[in-house]
Amino acid sequence: MRMKARHFFNLCHYLLGKPGFTLLEVMIAVALIAIGFVTLLGSQSKSLARVTESKFNNIAPILASTKIAEVESGILPMADNTGGFGVDFPDYTWHLDVEDVNVANRQIPAGISAKLQRVSLMISWGETKFQYTLTSYVPRKE
């Protein structure tokens with residue numbers, strides 16, 4: 001029994017005899033915390049960039065399909081044109097490019113018109129690098 005009490009006393013003396021941390025231990029701890037913090041901030045930044053890109057990739061195809069449907073139904077003239085999406089999507093703009101396609105030298109299946117137009121619609125989001133292009137081929141109206 002006496003031996004156990006002596007070991008406990010020696011341990012307490014050792015711990016209480018050297019209170020605090022050395023400067024080196026503190027510097028290593030601060031460096032490890034800083035590395036972890038920088039990694040966490042980098043991860044958060046990449047996450048926000050991915051969310052922004054995902055938002056564009058979800059909205060742009062819907063806007064493009066809607067605008068192409070307006071062109072194909074005749075609501076918008078089938079000609080080069082540019083515009084915006086109004087108050088619902090104020091930062092989004094569209095650019096329509098209509099071009100005749102020459103398919104005279106190709107074999108065309110029966111029932112398909114040889115007179116086509118390529119309708120390319122580009123959706124842009126403000127001053128960002130994000131752009132989405134939808135291309136459709138429609139029969140040329142005479």
# chains A, B, ... in the order shown; residues from 1 in each chain; ligands from 1
>>> residues_around(residues="A:Pro77", least_positions_apart="5", cutoff="12 Å", atoms="only C-alpha atoms", output="list in words")
Lys67, Ile68, Ala69, Glu70, Val71, Glu72, Thr82, Leu96, Asp97, Val98, Val119 and Lys141 of chain A
>>> write_last_selection(atoms="C-alpha atoms", output="PDB file, in the first residue's frame")
ATOM      1  CA  LYS A  67     -36.960  30.340 -75.046  1.00  0.00           C
ATOM      2  CA  ILE A  68     -36.486  27.729 -77.815  1.00  0.00           C
ATOM      3  CA  ALA A  69     -40.148  26.752 -77.418  1.00  0.00           C
ATOM      4  CA  GLU A  70     -41.112  30.418 -77.843  1.00  0.00           C
ATOM      5  CA  VAL A  71     -39.070  30.593 -81.051  1.00  0.00           C
ATOM      6  CA  GLU A  72     -40.438  27.331 -82.473  1.00  0.00           C
ATOM      7  CA  THR A  82     -30.806  39.201 -77.788  1.00  0.00           C
ATOM      8  CA  LEU A  96     -30.320  33.721 -80.339  1.00  0.00           C
ATOM      9  CA  ASP A  97     -28.358  32.888 -83.481  1.00  0.00           C
ATOM     10  CA  VAL A  98     -30.253  31.535 -86.507  1.00  0.00           C
ATOM     11  CA  VAL A 119     -31.143  27.743 -83.961  1.00  0.00           C
ATOM     12  CA  LYS A 141     -40.079  28.424 -93.286  1.00  0.00           C
TER      13      LYS A 141
END
>>> residues_around(residues="A:Asn57", least_positions_apart="4", cutoff="10 Å", atoms="only C-alpha atoms", output="PDB file with N, CA and C atoms, in the first residue's frame")
ATOM      1  N   VAL A  51     -21.851  25.316 -55.391  1.00  0.00           N
ATOM      2  CA  VAL A  51     -23.267  25.651 -55.249  1.00  0.00           C
ATOM      3  C   VAL A  51     -23.677  26.665 -56.309  1.00  0.00           C
ATOM      4  N   THR A  52     -22.836  27.648 -56.562  1.00  0.00           N
ATOM      5  CA  THR A  52     -23.119  28.659 -57.580  1.00  0.00           C
ATOM      6  C   THR A  52     -23.213  28.020 -58.959  1.00  0.00           C
ATOM      7  N   GLU A  53     -22.263  27.151 -59.269  1.00  0.00           N
ATOM      8  CA  GLU A  53     -22.275  26.466 -60.564  1.00  0.00           C
ATOM      9  C   GLU A  53     -23.501  25.567 -60.687  1.00  0.00           C
ATOM     10  N   PRO A  61     -30.745  25.406 -68.348  1.00  0.00           N
ATOM     11  CA  PRO A  61     -31.444  24.550 -69.313  1.00  0.00           C
ATOM     12  C   PRO A  61     -32.953  24.789 -69.361  1.00  0.00           C
ATOM     13  N   ILE A  62     -33.540  25.116 -68.239  1.00  0.00           N
ATOM     14  CA  ILE A  62     -34.982  25.393 -68.211  1.00  0.00           C
ATOM     15  C   ILE A  62     -35.284  26.682 -68.975  1.00  0.00           C
ATOM     16  N   PHE A 130     -20.171  31.603 -66.601  1.00  0.00           N
ATOM     17  CA  PHE A 130     -21.126  30.555 -66.901  1.00  0.00           C
ATOM     18  C   PHE A 130     -21.936  30.878 -68.155  1.00  0.00           C
ATOM     19  N   GLN A 131     -21.930  29.924 -69.096  1.00  0.00           N
ATOM     20  CA  GLN A 131     -22.736  30.026 -70.306  1.00  0.00           C
ATOM     21  C   GLN A 131     -23.289  28.650 -70.636  1.00  0.00           C
ATOM     22  N   TYR A 132     -24.488  28.641 -71.192  1.00  0.00           N
ATOM     23  CA  TYR A 132     -25.129  27.395 -71.587  1.00  0.00           C
ATOM     24  C   TYR A 132     -25.667  27.592 -72.991  1.00  0.00           C
TER      25      TYR A 132
END
>>> select_by_dssp(residues="stretch 42-102 of chain A", states="alpha helix (DSSP H)", output="ChimeraX atom specification")
/A:42-73
>>> write_last_selection(atoms="N, CA and C atoms", output="CSV table (one decimal), in the first residue's frame")
chain,number,residue,atom,x,y,z
A,42,GLY,N,-10.6,26.7,-47.2
A,42,GLY,CA,-10.5,26.4,-48.6
A,42,GLY,C,-11.7,25.4,-49.0
A,43,SER,N,-12.0,24.5,-48.2
A,43,SER,CA,-13.1,23.6,-48.4
A,43,SER,C,-14.4,24.4,-48.5
A,44,GLN,N,-14.6,25.3,-47.7
A,44,GLN,CA,-15.9,26.1,-47.7
A,44,GLN,C,-15.9,27.0,-49.0
A,45,SER,N,-14.8,27.5,-49.4
A,45,SER,CA,-14.8,28.3,-50.6
A,45,SER,C,-15.1,27.5,-51.8
A,46,LYS,N,-14.6,26.3,-51.9
A,46,LYS,CA,-14.9,25.4,-53.0
A,46,LYS,C,-16.3,25.0,-53.0
A,47,SER,N,-16.9,24.8,-51.8
A,47,SER,CA,-18.3,24.4,-51.7
A,47,SER,C,-19.2,25.5,-52.2
A,48,LEU,N,-18.9,26.7,-51.9
A,48,LEU,CA,-19.7,27.8,-52.4
A,48,LEU,C,-19.6,28.0,-53.9
A,49,ALA,N,-18.5,27.8,-54.5
A,49,ALA,CA,-18.3,27.8,-55.9
A,49,ALA,C,-19.1,26.7,-56.6
A,50,ARG,N,-19.1,25.5,-56.0
A,50,ARG,CA,-19.9,24.4,-56.6
A,50,ARG,C,-21.4,24.7,-56.5
A,51,VAL,N,-21.9,25.3,-55.4
A,51,VAL,CA,-23.3,25.7,-55.2
A,51,VAL,C,-23.7,26.7,-56.3
A,52,THR,N,-22.8,27.6,-56.6
A,52,THR,CA,-23.1,28.7,-57.6
A,52,THR,C,-23.2,28.0,-59.0
A,53,GLU,N,-22.3,27.2,-59.3
A,53,GLU,CA,-22.3,26.5,-60.6
A,53,GLU,C,-23.5,25.6,-60.7
A,54,SER,N,-23.9,24.9,-59.6
A,54,SER,CA,-25.0,24.0,-59.6
A,54,SER,C,-26.3,24.8,-59.9
A,55,LYS,N,-26.4,26.0,-59.3
A,55,LYS,CA,-27.6,26.8,-59.5
A,55,LYS,C,-27.7,27.2,-60.9
A,56,PHE,N,-26.6,27.6,-61.6
A,56,PHE,CA,-26.7,27.9,-63.0
A,56,PHE,C,-27.0,26.7,-63.8
A,57,ASN,N,-26.4,25.6,-63.5
A,57,ASN,CA,-26.7,24.3,-64.3
A,57,ASN,C,-28.1,23.8,-64.1
A,58,ASN,N,-28.8,24.2,-63.1
A,58,ASN,CA,-30.2,23.9,-62.9
A,58,ASN,C,-31.2,24.8,-63.6
A,59,ILE,N,-30.8,26.1,-63.6
A,59,ILE,CA,-31.7,27.2,-64.1
A,59,ILE,C,-31.6,27.3,-65.6
A,60,ALA,N,-30.3,27.4,-66.1
A,60,ALA,CA,-30.1,27.7,-67.5
A,60,ALA,C,-30.8,26.7,-68.5
A,61,PRO,N,-30.7,25.4,-68.3
A,61,PRO,CA,-31.4,24.5,-69.3
A,61,PRO,C,-33.0,24.8,-69.4
A,62,ILE,N,-33.5,25.1,-68.2
A,62,ILE,CA,-35.0,25.4,-68.2
A,62,ILE,C,-35.3,26.7,-69.0
A,63,LEU,N,-34.5,27.7,-68.7
A,63,LEU,CA,-34.7,29.0,-69.5
A,63,LEU,C,-34.4,28.8,-71.0
A,64,ALA,N,-33.4,28.0,-71.3
A,64,ALA,CA,-33.1,27.8,-72.7
A,64,ALA,C,-34.3,27.0,-73.4
A,65,SER,N,-34.8,26.0,-72.8
A,65,SER,CA,-35.9,25.2,-73.3
A,65,SER,C,-37.1,26.1,-73.5
A,66,THR,N,-37.4,27.0,-72.6
A,66,THR,CA,-38.5,27.9,-72.7
A,66,THR,C,-38.4,28.8,-73.8
A,67,LYS,N,-37.2,29.4,-74.0
A,67,LYS,CA,-37.0,30.3,-75.0
A,67,LYS,C,-37.0,29.7,-76.4
A,68,ILE,N,-36.4,28.5,-76.5
A,68,ILE,CA,-36.5,27.7,-77.8
A,68,ILE,C,-37.9,27.4,-78.2
A,69,ALA,N,-38.7,27.0,-77.2
A,69,ALA,CA,-40.1,26.8,-77.4
A,69,ALA,C,-40.9,28.0,-77.9
A,70,GLU,N,-40.5,29.2,-77.4
A,70,GLU,CA,-41.1,30.4,-77.8
A,70,GLU,C,-40.7,30.7,-79.3
A,71,VAL,N,-39.5,30.4,-79.7
A,71,VAL,CA,-39.1,30.6,-81.1
A,71,VAL,C,-39.8,29.6,-82.0
A,72,GLU,N,-39.8,28.3,-81.6
A,72,GLU,CA,-40.4,27.3,-82.5
A,72,GLU,C,-41.9,27.5,-82.6
A,73,SER,N,-42.6,28.1,-81.6
A,73,SER,CA,-44.0,28.3,-81.7
A,73,SER,C,-44.4,29.6,-82.4
>>> residues_around(residues="A:Thr93", least_positions_apart="4", cutoff="8 Å", atoms="only C-alpha atoms", output="number ranges by chain")
A: 82-85, 123-126
>>> closest_atom_pairs(of="stretch 36-142 of chain A", to="stretch 18-31 of chain A", cutoff="12 Å", atoms="only C-alpha atoms", output="tab-separated table")
residue	atom	partner	partner_atom	distance
A:Gly36	CA	A:Ala31	CA	8.6
A:Phe37	CA	A:Ala31	CA	9.8
A:Val38	CA	A:Ala31	CA	10.6
>>> closest_residue(among="A:Pro139, A:Glu127, A:Met78, A:Leu32", to="A:Asn102", atoms="only C-alpha atoms")
A:Pro139
